[in-house]
>>> print(open('final12.cif').read())   # mmCIF, C-alpha atoms
data_structure
loop_
_atom_site.label_atom_id
_atom_site.label_comp_id
_atom_site.auth_asym_id
_atom_site.auth_seq_id
_atom_site.Cartn_x
_atom_site.Cartn_y
_atom_site.Cartn_z
CA MET A 1 -67.81 28.99 187.30
CA ARG A 2 -65.72 32.14 187.31
CA LYS A 3 -63.00 30.49 185.25
CA ARG A 4 -65.54 29.40 182.68
CA SER A 5 -67.04 32.89 182.47
CA GLY A 6 -63.58 34.35 182.01
CA SER A 7 -62.76 31.94 179.18
CA VAL A 8 -65.99 32.66 177.38
CA ALA A 9 -65.41 36.36 177.73
CA SER A 10 -61.88 36.08 176.32
CA LEU A 11 -63.10 34.04 173.34
CA SER A 12 -65.81 36.59 172.66
CA LEU A 13 -63.27 39.39 172.62
CA VAL A 14 -61.08 37.57 170.07
CA VAL A 15 -63.99 36.77 167.79
CA GLY A 16 -65.31 40.27 168.13
CA ALA A 17 -61.96 41.74 167.23
CA CYS A 18 -61.82 39.65 164.07
CA ILE A 19 -65.24 40.77 162.89
CA LEU A 20 -64.67 44.44 163.44
CA PRO A 21 -64.29 46.55 160.33
CA ALA A 22 -60.83 46.66 158.81
CA THR A 23 -60.54 50.32 159.83
CA LEU A 24 -60.61 49.24 163.46
CA GLY A 25 -57.67 46.85 163.02
CA GLY A 26 -59.50 43.51 162.72
CA CYS A 27 -57.70 40.18 162.04
CA LYS A 28 -55.78 40.00 158.77
CA ASP A 29 -56.16 37.07 156.35
CA LYS A 30 -52.64 35.85 157.07
CA GLN A 31 -53.49 35.65 160.76
CA LEU A 32 -56.18 33.08 159.95
CA LYS A 33 -53.86 30.86 157.80
CA GLY A 34 -52.27 27.70 159.12
CA ALA A 35 -48.58 26.79 159.12
CA GLN A 36 -46.75 27.24 155.81
CA ALA A 37 -45.56 24.13 153.94
CA GLU A 38 -41.86 23.37 154.38
CA VAL A 39 -41.41 22.62 150.65
CA GLN A 40 -41.69 25.85 148.75
CA PRO A 41 -42.18 26.16 144.98
CA HIS A 42 -38.98 26.92 143.09
CA LYS A 43 -38.02 28.15 139.66
CA ILE A 44 -35.08 25.80 139.01
CA LYS A 45 -35.07 24.59 135.39
CA VAL A 46 -34.50 20.84 135.08
CA THR A 47 -32.59 19.73 131.98
CA MET A 48 -33.59 16.21 130.90
CA PRO A 49 -30.91 13.89 129.44
CA THR A 50 -30.84 13.27 125.71
CA VAL A 51 -32.78 10.20 124.66
CA PRO A 52 -30.25 7.60 123.39
CA SER A 53 -30.40 6.47 119.78
CA PHE A 54 -31.87 3.03 119.15
CA GLU A 55 -30.95 2.77 115.48
CA VAL A 56 -30.31 -0.73 114.19
CA PRO A 57 -26.56 -1.21 113.51
CA LYS A 58 -25.73 -1.33 109.81
CA PRO A 59 -23.04 -3.26 107.88
CA HIS A 60 -19.76 -1.62 106.89
CA PRO A 61 -19.49 -0.05 103.40
CA ASP A 62 -17.55 -3.13 102.21
CA GLY A 63 -20.51 -5.36 103.14
CA SER A 64 -18.94 -6.90 106.24
CA HIS A 65 -20.99 -6.83 109.42
CA THR A 66 -20.23 -5.09 112.71
CA VAL A 67 -19.98 -7.01 115.96
CA LYS A 68 -22.83 -4.98 117.44
CA GLU A 69 -25.08 -5.80 114.50
CA MET A 70 -24.45 -9.53 114.90
CA ARG A 71 -25.13 -9.38 118.64
CA VAL A 72 -28.39 -7.46 118.11
CA GLN A 73 -29.70 -9.17 114.96
CA GLY A 74 -27.71 -12.40 114.88
CA ASN A 75 -30.71 -14.71 114.76
CA ARG A 76 -31.75 -13.42 111.35
CA TYR A 77 -28.42 -14.59 109.88
CA ILE A 78 -28.34 -18.16 111.23
CA LYS A 79 -26.78 -20.60 108.70
CA GLU A 80 -25.70 -17.75 106.41
CA THR A 81 -22.12 -17.29 105.21
CA LEU A 82 -20.95 -13.77 106.02
CA SER A 83 -17.99 -11.61 107.05
CA ILE A 84 -17.48 -9.76 110.34
CA LYS A 85 -15.00 -6.91 110.67
CA GLY A 86 -13.45 -6.04 114.01
CA TYR A 87 -10.48 -6.24 116.35
CA ILE A 88 -9.21 -9.37 118.07
CA VAL A 89 -9.76 -8.81 121.79
CA TRP A 90 -8.93 -12.33 123.03
CA GLN A 91 -7.38 -15.49 121.58
CA TYR A 92 -7.09 -19.02 122.87
CA ASP A 93 -3.53 -20.10 123.65
CA CYS A 94 -3.15 -23.77 124.49
CA ALA A 95 0.25 -23.44 126.17
CA THR A 96 -1.10 -20.78 128.53
CA ALA A 97 -4.27 -22.74 129.22
CA ILE A 98 -2.58 -26.04 130.18
CA ARG A 99 0.69 -24.77 131.67
CA GLN A 100 1.41 -26.17 135.12
CA PRO A 101 3.23 -24.28 137.90
CA ASP A 102 6.98 -23.98 137.23
CA GLU A 103 6.60 -25.62 133.78
CA ASP A 104 8.77 -24.03 131.07
CA ASP A 105 7.91 -23.54 127.38
CA ALA A 106 9.84 -26.62 126.26
CA ALA A 107 8.01 -28.89 128.69
CA VAL A 108 4.62 -27.54 127.65
CA ALA A 109 5.45 -27.93 123.95
CA LYS A 110 6.54 -31.52 124.53
CA ARG A 111 3.27 -32.41 126.29
CA ILE A 112 1.25 -30.86 123.48
CA GLU A 113 3.24 -32.73 120.83
CA GLU A 114 2.77 -36.03 122.64
CA ASN A 115 -0.93 -35.45 123.26
CA PRO A 116 -2.55 -32.84 120.97
CA THR A 117 -5.95 -33.54 122.53
CA LEU A 118 -4.85 -31.46 125.53
CA CYS A 119 -5.61 -28.39 123.42
CA ARG A 120 -8.94 -27.00 122.37
CA ARG A 121 -9.41 -25.94 118.79
CA PRO A 122 -8.09 -22.40 118.19
CA ALA A 123 -10.61 -19.59 118.59
CA PHE A 124 -10.72 -15.85 119.16
CA TYR A 125 -13.15 -13.06 120.00
CA LEU A 126 -13.87 -10.02 117.80
CA GLY A 127 -14.95 -6.59 119.05
CA ASP A 128 -15.91 -3.38 117.27
CA THR A 129 -13.06 -1.60 119.11
CA PRO A 130 -9.73 -2.86 120.48
CA ASP A 131 -10.98 -2.45 124.07
CA THR A 132 -14.33 -4.23 123.63
CA PRO A 133 -15.00 -6.55 126.61
CA VAL A 134 -15.20 -10.25 125.75
CA GLU A 135 -18.79 -10.23 127.04
CA ARG A 136 -19.72 -7.91 124.15
CA ALA A 137 -17.60 -9.61 121.50
CA VAL A 138 -18.29 -12.28 118.87
CA TRP A 139 -16.80 -15.77 119.10
CA VAL A 140 -14.94 -17.13 116.04
CA VAL A 141 -14.30 -20.88 116.25
CA GLU A 142 -12.79 -23.75 114.22
CA VAL A 143 -9.74 -21.64 113.32
CA PRO A 144 -7.07 -23.73 111.51
CA ARG A 145 -4.04 -24.86 113.52
CA GLU A 146 -0.60 -26.15 112.66
CA MET A 147 -0.19 -29.87 112.02
CA THR A 148 1.68 -31.86 114.63
CA LYS A 149 4.80 -33.83 113.71
CA GLN A 150 2.83 -37.06 113.97
CA GLU A 151 0.12 -35.73 111.65
CA LYS A 152 2.69 -34.69 109.05
CA LYS A 153 4.22 -38.13 109.27
CA ASN A 154 1.09 -40.27 109.32
CA LEU A 155 -1.59 -38.42 107.35
CA PRO A 156 -2.04 -39.13 103.63
CA LYS A 157 -0.14 -36.75 101.38
CA GLU A 158 -3.39 -35.38 99.97
CA MET A 159 -4.52 -34.30 103.45
CA VAL A 160 -1.15 -32.73 104.18
CA ASP A 161 -1.19 -30.84 100.88
CA THR A 162 -4.73 -29.53 101.40
CA TRP A 163 -4.39 -28.65 105.08
CA PRO A 164 -6.03 -25.22 105.62
CA ALA A 165 -3.69 -22.25 105.81
CA VAL A 166 -3.08 -21.19 109.41
CA PRO A 167 -3.85 -17.47 109.77
CA PRO A 168 -1.44 -15.21 111.66
CA TYR A 169 -3.15 -13.06 114.30
CA LYS A 170 -2.72 -11.54 117.74
CA VAL A 171 -4.76 -9.47 120.16
CA GLY A 172 -5.21 -5.95 118.77
CA ASP A 173 -5.15 -6.89 115.08
CA GLU A 174 -7.91 -5.51 112.85
CA VAL A 175 -9.33 -8.36 110.79
CA VAL A 176 -12.21 -9.54 108.65
CA ALA A 177 -13.32 -13.08 109.46
CA THR A 178 -15.56 -14.96 107.04
CA GLY A 179 -17.56 -18.05 107.90
CA GLN A 180 -20.97 -19.51 108.64
CA TRP A 181 -23.03 -17.90 111.40
CA MET A 182 -24.38 -20.69 113.61
CA HIS A 183 -25.60 -21.53 117.10
CA ALA A 184 -23.23 -24.52 117.25
CA SER A 185 -20.09 -25.62 115.40
CA PRO A 186 -19.43 -29.07 113.89
CA HIS A 187 -17.04 -29.89 116.75
CA GLY A 188 -19.29 -28.93 119.64
CA GLU A 189 -18.77 -25.25 120.46
CA SER A 190 -22.11 -23.56 121.04
CA ASN A 191 -23.51 -20.15 121.85
CA THR A 192 -27.19 -19.21 121.97
CA ASP A 193 -26.28 -15.69 120.76
CA GLY A 194 -24.49 -17.13 117.72
CA LEU A 195 -20.90 -17.79 116.70
CA LEU A 196 -18.88 -17.70 113.48
CA VAL A 197 -17.52 -20.99 112.14
CA TYR A 198 -14.27 -19.97 110.43
CA GLN A 199 -13.82 -20.33 106.67
CA SER A 200 -11.36 -17.61 105.61
CA PHE A 201 -9.55 -14.62 107.02
CA ASN A 202 -8.16 -11.21 106.12
CA ASN A 203 -5.73 -9.72 108.63
CA ILE A 204 -5.74 -6.01 107.78
CA THR A 205 -3.06 -5.18 110.35
CA GLN A 206 -0.62 -7.83 109.13
CA ASN A 207 -1.63 -7.58 105.45
CA TRP A 208 -2.43 -11.30 105.21
CA GLN A 209 -5.23 -12.90 103.22
CA SER A 210 -6.32 -16.54 103.23
CA PRO A 211 -5.14 -18.23 100.03
CA ALA A 212 -7.64 -19.91 97.77
CA PRO A 213 -8.32 -23.54 98.71
CA ILE A 214 -6.06 -26.04 96.99
CA GLU A 215 -7.89 -28.27 94.55
CA LEU A 216 -6.24 -31.56 93.79
CA ALA A 217 -5.95 -32.56 90.16
CA GLU A 218 -8.06 -35.49 89.12
CA PRO A 219 -6.08 -38.70 88.67
CA SER A 220 -5.05 -39.38 85.08
CA ILE A 221 -6.04 -43.03 85.44
CA ARG A 222 -9.55 -43.50 86.71
CA PRO A 223 -10.56 -46.63 88.60
CA PRO A 224 -12.78 -49.02 86.67
CA ALA A 225 -16.50 -48.53 87.00
CA HIS A 226 -18.32 -51.08 89.15
#
>>> encode(input="final12.cif", output="structure tokens")
Amino acid sequence: MRKRSGSVASLSLVVGACILPATLGGCKDKQLKGAQAEVQPHKIKVTMPTVPSFEVPKPHPDGSHTVKEMRVQGNRYIKETLSIKGYIVWQYDCATAIRQPDEDDAAVAKRIEENPTLCRRPAFYLGDTPDTPVERAVWVVEVPREMTKQEKKNLPKEMVDTWPAVPPYKVGDEVVATGQWMHASPHGESNTDGLLVYQSFNNITQNWQSPAPIELAEPSIRPPAH
């Protein structure tokens, strides 16, 4: 009982001290506050990053399209004939693709000559800059290739004479490729983002332009009508 009386007396003294007038040194407001928060307000100014531009890519002044434009808005151009300007960032090379270990250039060339079907049709990728990754480039397919010796020997003269001009190009060249924008090419290449089926070519770096297609003269003697 004594302990309880002592505790009550002590509590009464504390409460009494807090309710005494301020002139008698009662409890201050800060003495009645709880623990301060660990996170204190600060005056650091936060600079937000600039909002990136989402403008739709536009064609070049000469009317040719950019690679970015075709990747963003390609579906609106399906089946249209158009030109794309850019840099060659990758090209298909049959000899490199089919070369076997320790096989020299002559051996590879001989295999290709004997069996041209070992090679895919020539193709390349275009980027807006020389260092554009292939994943962000545009695929150009159905690029003309050189005739094989057997084709030159066995094909009709008309086909040999009208064989499409083979464009010169290498990785890094700035070019303008013209063709039909499609999801699939006549010979089976396909891309859901779109691809360009080659028709003509302007190599700006090498100053080469596709010649006009050769038109055969009509025969002077026409076959009889049936």
>>> resolve_selection(input="final12.cif", expression="the PyMOL selection byres ((chain A and resi 181-194) around 8)", output="number ranges by chain")
A: 71, 74-75, 77-82, 138-139, 141-142, 179-180, 195-197
>>> closest_residue(input="final12.cif", among="A:Pro167, A:Tyr92, A:Thr117, A:Thr178", to="Asn207 in chain A", atoms="all atoms listed in the file")
A:Pro167
>>> resolve_selection(input="final12.cif", expression="the PyMOL selection byres ((chain A and resi 97) around 12)", output="VMD selection string")
chain A and resid 91 to 96 98 to 101 108 112 118 to 120 122
>>> residues_near_point(input="final12.cif", point="(-24.0, -6.9, 118.6)", cutoff="10 Å", atoms="all atoms listed in the file", output="MDAnalysis selection string")
chainID A and resid 56:57 65:74 127:128 136:138 193
>>> closest_residue(input="final12.cif", among="A:Arg145, A:Lys152, A:Lys157, A:Arg121", to="Tyr169 in chain A", atoms="all atoms listed in the file")
A:Arg145
>>> atom_distance(input="final12.cif", atom1="CA of Pro59 in chain A", atom2="CA of Ala177 in chain A")
13.9 Å
>>> axis_aligned_box(input="final12.cif", around="range 100-117 of chain A", padding_each_side="5 Å", output="AutoDock Vina command-line options")
--center_x 1.9 --center_y -29.8 --center_z 129.4 --size_x 25.8 --size_y 22.5 --size_z 27.1
>>> atom_distance(input="final12.cif", atom1="CA of Gly86 in chain A", atom2="CA of Met147 in chain A")
27.3 Å
>>> resolve_selection(input="final12.cif", expression="the PyMOL selection byres ((chain A and resi 170) around 9)", output="list in words")
Ile88, Val89, Trp90, Gln91, Pro168, Tyr169, Val171, Gly172 and Asp173 of chain A
>>> atom_distance(input="final12.cif", atom1="CA of Glu151 in chain A", atom2="CA of Asn202 in chain A")
26.5 Å
>>> residues_around(input="final12.cif", residues="Glu174 in chain A", least_positions_apart="4", cutoff="6 Å", atoms="only C-alpha atoms", output="PyMOL selection string")
chain A and resi 86-87+204-205
>>> decode(input="final12.cif", residues="range 162-224 of chain A", atoms="C-alpha atoms", output="JSON list (two decimals), in the first residue's frame")
[["chain", "number", "residue", "atom", "x", "y", "z"],
["A", 162, "THR", "CA", 16.97, -7.85, -120.14],
["A", 163, "TRP", "CA", 18.54, -9.20, -116.94],
["A", 164, "PRO", "CA", 18.21, -6.48, -114.25],
["A", 165, "ALA", "CA", 21.31, -4.39, -113.60],
["A", 166, "VAL", "CA", 23.14, -5.57, -110.49],
["A", 167, "PRO", "CA", 23.66, -2.61, -108.14],
["A", 168, "PRO", "CA", 27.06, -2.05, -106.50],
["A", 169, "TYR", "CA", 26.85, -1.54, -102.74],
["A", 170, "LYS", "CA", 28.63, -2.24, -99.47],
["A", 171, "VAL", "CA", 28.04, -1.63, -95.78],
["A", 172, "GLY", "CA", 28.30, 2.09, -95.02],
["A", 173, "ASP", "CA", 27.08, 3.35, -98.41],
["A", 174, "GLU", "CA", 24.37, 6.02, -98.44],
["A", 175, "VAL", "CA", 21.67, 4.96, -100.87],
["A", 176, "VAL", "CA", 18.10, 5.49, -102.00],
["A", 177, "ALA", "CA", 16.23, 2.23, -102.61],
["A", 178, "THR", "CA", 12.97, 2.26, -104.54],
["A", 179, "GLY", "CA", 10.44, -0.55, -104.56],
["A", 180, "GLN", "CA", 7.08, -1.79, -103.35],
["A", 181, "TRP", "CA", 6.42, -1.76, -99.60],
["A", 182, "MET", "CA", 4.94, -5.13, -98.65],
["A", 183, "HIS", "CA", 4.51, -7.62, -95.83],
["A", 184, "ALA", "CA", 5.82, -10.43, -98.06],
["A", 185, "SER", "CA", 7.86, -10.66, -101.26],
["A", 186, "PRO", "CA", 7.02, -12.76, -104.35],
["A", 187, "HIS", "CA", 9.73, -15.28, -103.41],
["A", 188, "GLY", "CA", 8.74, -15.83, -99.80],
["A", 189, "GLU", "CA", 10.54, -13.31, -97.60],
["A", 190, "SER", "CA", 8.15, -11.86, -95.04],
["A", 191, "ASN", "CA", 8.12, -9.33, -92.23],
["A", 192, "THR", "CA", 5.06, -8.21, -90.27],
["A", 193, "ASP", "CA", 6.64, -4.74, -89.90],
["A", 194, "GLY", "CA", 7.02, -4.45, -93.68],
["A", 195, "LEU", "CA", 9.83, -4.83, -96.20],
["A", 196, "LEU", "CA", 10.84, -3.20, -99.47],
["A", 197, "VAL", "CA", 10.73, -5.33, -102.62],
["A", 198, "TYR", "CA", 13.55, -3.89, -104.75],
["A", 199, "GLN", "CA", 12.84, -2.16, -108.07],
["A", 200, "SER", "CA", 15.63, 0.40, -108.57],
["A", 201, "PHE", "CA", 18.56, 1.89, -106.74],
["A", 202, "ASN", "CA", 20.62, 5.06, -106.37],
["A", 203, "ASN", "CA", 23.97, 4.64, -104.62],
["A", 204, "ILE", "CA", 24.85, 8.17, -103.52],
["A", 205, "THR", "CA", 28.24, 7.14, -102.14],
["A", 206, "GLN", "CA", 29.35, 5.36, -105.31],
["A", 207, "ASN", "CA", 27.50, 7.70, -107.70],
["A", 208, "TRP", "CA", 25.60, 4.85, -109.35],
["A", 209, "GLN", "CA", 22.01, 4.95, -110.59],
["A", 210, "SER", "CA", 19.92, 2.05, -111.90],
["A", 211, "PRO", "CA", 19.63, 2.29, -115.68],
["A", 212, "ALA", "CA", 16.23, 2.42, -117.30],
["A", 213, "PRO", "CA", 14.76, -1.03, -118.01],
["A", 214, "ILE", "CA", 15.62, -2.39, -121.44],
["A", 215, "GLU", "CA", 12.62, -2.69, -123.71],
["A", 216, "LEU", "CA", 12.93, -5.17, -126.52],
["A", 217, "ALA", "CA", 11.92, -4.02, -129.97],
["A", 218, "GLU", "CA", 8.82, -5.63, -131.37],
["A", 219, "PRO", "CA", 9.55, -8.25, -134.02],
["A", 220, "SER", "CA", 9.32, -6.95, -137.58],
["A", 221, "ILE", "CA", 7.41, -10.05, -138.65],
["A", 222, "ARG", "CA", 4.40, -10.76, -136.50],
["A", 223, "PRO", "CA", 3.04, -14.28, -136.10],
["A", 224, "PRO", "CA", -0.23, -14.94, -137.90]]
